[in-house]
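Only one structure is covered here, and it is reproduced in the block below.
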Amino acid sequence: PLLTFTQSEPAINYYTAGGAFPPHRDLQTLTVLVPLIDATRFEGGGTAFWSEAKIGKDPTAAEGVAPSLVMKPPAGTGLFWRGHLMHAGLPVTTGCRHVFVASFDLHPPGQS
């Protein structure tokens, strides 16, 4: 299959104190996120997910609602999810968080 990446990806996102990525859905076939440093090197942060049953499909509905799941895996651990899932990069309070991220669609051979 042919991979079509989201504009500006793959990328490395760098979050310092106050840095975050608001709730959103990627709307691609698959998203891959790999932390590049351990969570011991920053406070706060992490990748949050909200259940659609809890907030629906509107990203603004996630504001002020506790996530259903927050993940802060060790460096080098790949997280994979489908693009319909609501997620966010939670605010870093101290330190730096680096993640590799790529969202893409899969197309059968001969299609783009």
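Just so we're on the same page: first chain in the structure tokens is A, next is B, and so on; residues restart at 1 for each chain, and ligands are numbered from 1 in the order they show up.
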Which residues of range 25-65 of chain A have any atom within 8 Å of an atom in range 82-96 of chain A when counting only C-alpha atoms, and what is the closest pair of atoms for each, with the distance in Å to one decimal? Order the rows by chain and rising number and write it as a tab-separated table.
residue	atom	partner	partner_atom	distance
A:Arg25	CA	A:Met86	CA	4.9
A:Asp26	CA	A:Gly83	CA	4.7
A:Leu27	CA	A:Gly83	CA	4.3
A:Gln28	CA	A:Gly83	CA	4.7
A:Thr29	CA	A:Gly83	CA	5.5
A:Leu30	CA	A:Arg82	CA	4.6
A:Thr31	CA	A:Arg82	CA	6.2
A:Arg41	CA	A:Gly95	CA	6.0
A:Phe42	CA	A:Gly95	CA	4.2
A:Glu43	CA	A:Thr94	CA	5.2
A:Gly44	CA	A:Val92	CA	4.5
A:Gly45	CA	A:Val92	CA	4.3
A:Gly46	CA	A:Leu90	CA	5.5
A:Thr47	CA	A:Gly89	CA	4.8
A:Ala48	CA	A:Ala88	CA	5.2
A:Phe49	CA	A:His87	CA	4.3
A:Trp50	CA	A:Met86	CA	5.5
A:Ser51	CA	A:Met86	CA	7.3
A:Glu52	CA	A:Met86	CA	7.3
A:Lys57	CA	A:Met86	CA	7.5
A:Pro59	CA	A:Met86	CA	6.9
Return as a list in words the full set of residues in range 27-70 of chain A whose backbone-based DSSP assignment is alpha helix (DSSP H).
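Filtering range 27-70 of chain A to alpha helix (DSSP H) leaves Glu52, Ala53, Lys54 and Ile55 of chain A.
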Export, as a CSV table (one decimal), in the first residue's frame, the selected residues with N, CA, C and O atoms.
chain,number,residue,atom,x,y,z
A,52,GLU,N,-15.4,8.5,22.9
A,52,GLU,CA,-16.5,9.2,22.2
A,52,GLU,C,-17.8,9.1,22.9
A,52,GLU,O,-18.6,10.0,22.9
A,53,ALA,N,-18.0,8.0,23.6
A,53,ALA,CA,-19.2,7.9,24.4
A,53,ALA,C,-19.3,8.9,25.5
A,53,ALA,O,-20.4,9.3,25.9
A,54,LYS,N,-18.2,9.4,26.0
A,54,LYS,CA,-18.1,10.4,27.1
A,54,LYS,C,-18.3,11.8,26.6
A,54,LYS,O,-19.0,12.6,27.2
A,55,ILE,N,-17.7,12.2,25.4
A,55,ILE,CA,-17.7,13.6,24.9
A,55,ILE,C,-18.3,13.8,23.5
A,55,ILE,O,-18.4,14.9,23.1
One-decimal distance in Å that lies between CA of Lys72 in chain A and CA of Leu36 in chain A
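According to the coordinates, CA of Leu36 in chain A and CA of Lys72 in chain A are separated by 11.2 Å.
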For Trp81 in chain A, which residue among A:Ala102, A:Ala11, A:Ala17, A:Ile37 is the nearest when counting only C-alpha atoms?
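For Trp81 in chain A, the nearest of the given residues is A:Ala102.
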DSSP on the backbone, then: every residue of range 19-96 of chain A marked strand (DSSP E), written as a count of residues only.
31
I'd like to know which of A:Leu79, A:Ser103, A:Thr60, A:Ala66 is closest to Pro22 in chain A, using only C-alpha atoms.
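The answer is A:Thr60, which sits nearest to Pro22 in chain A.
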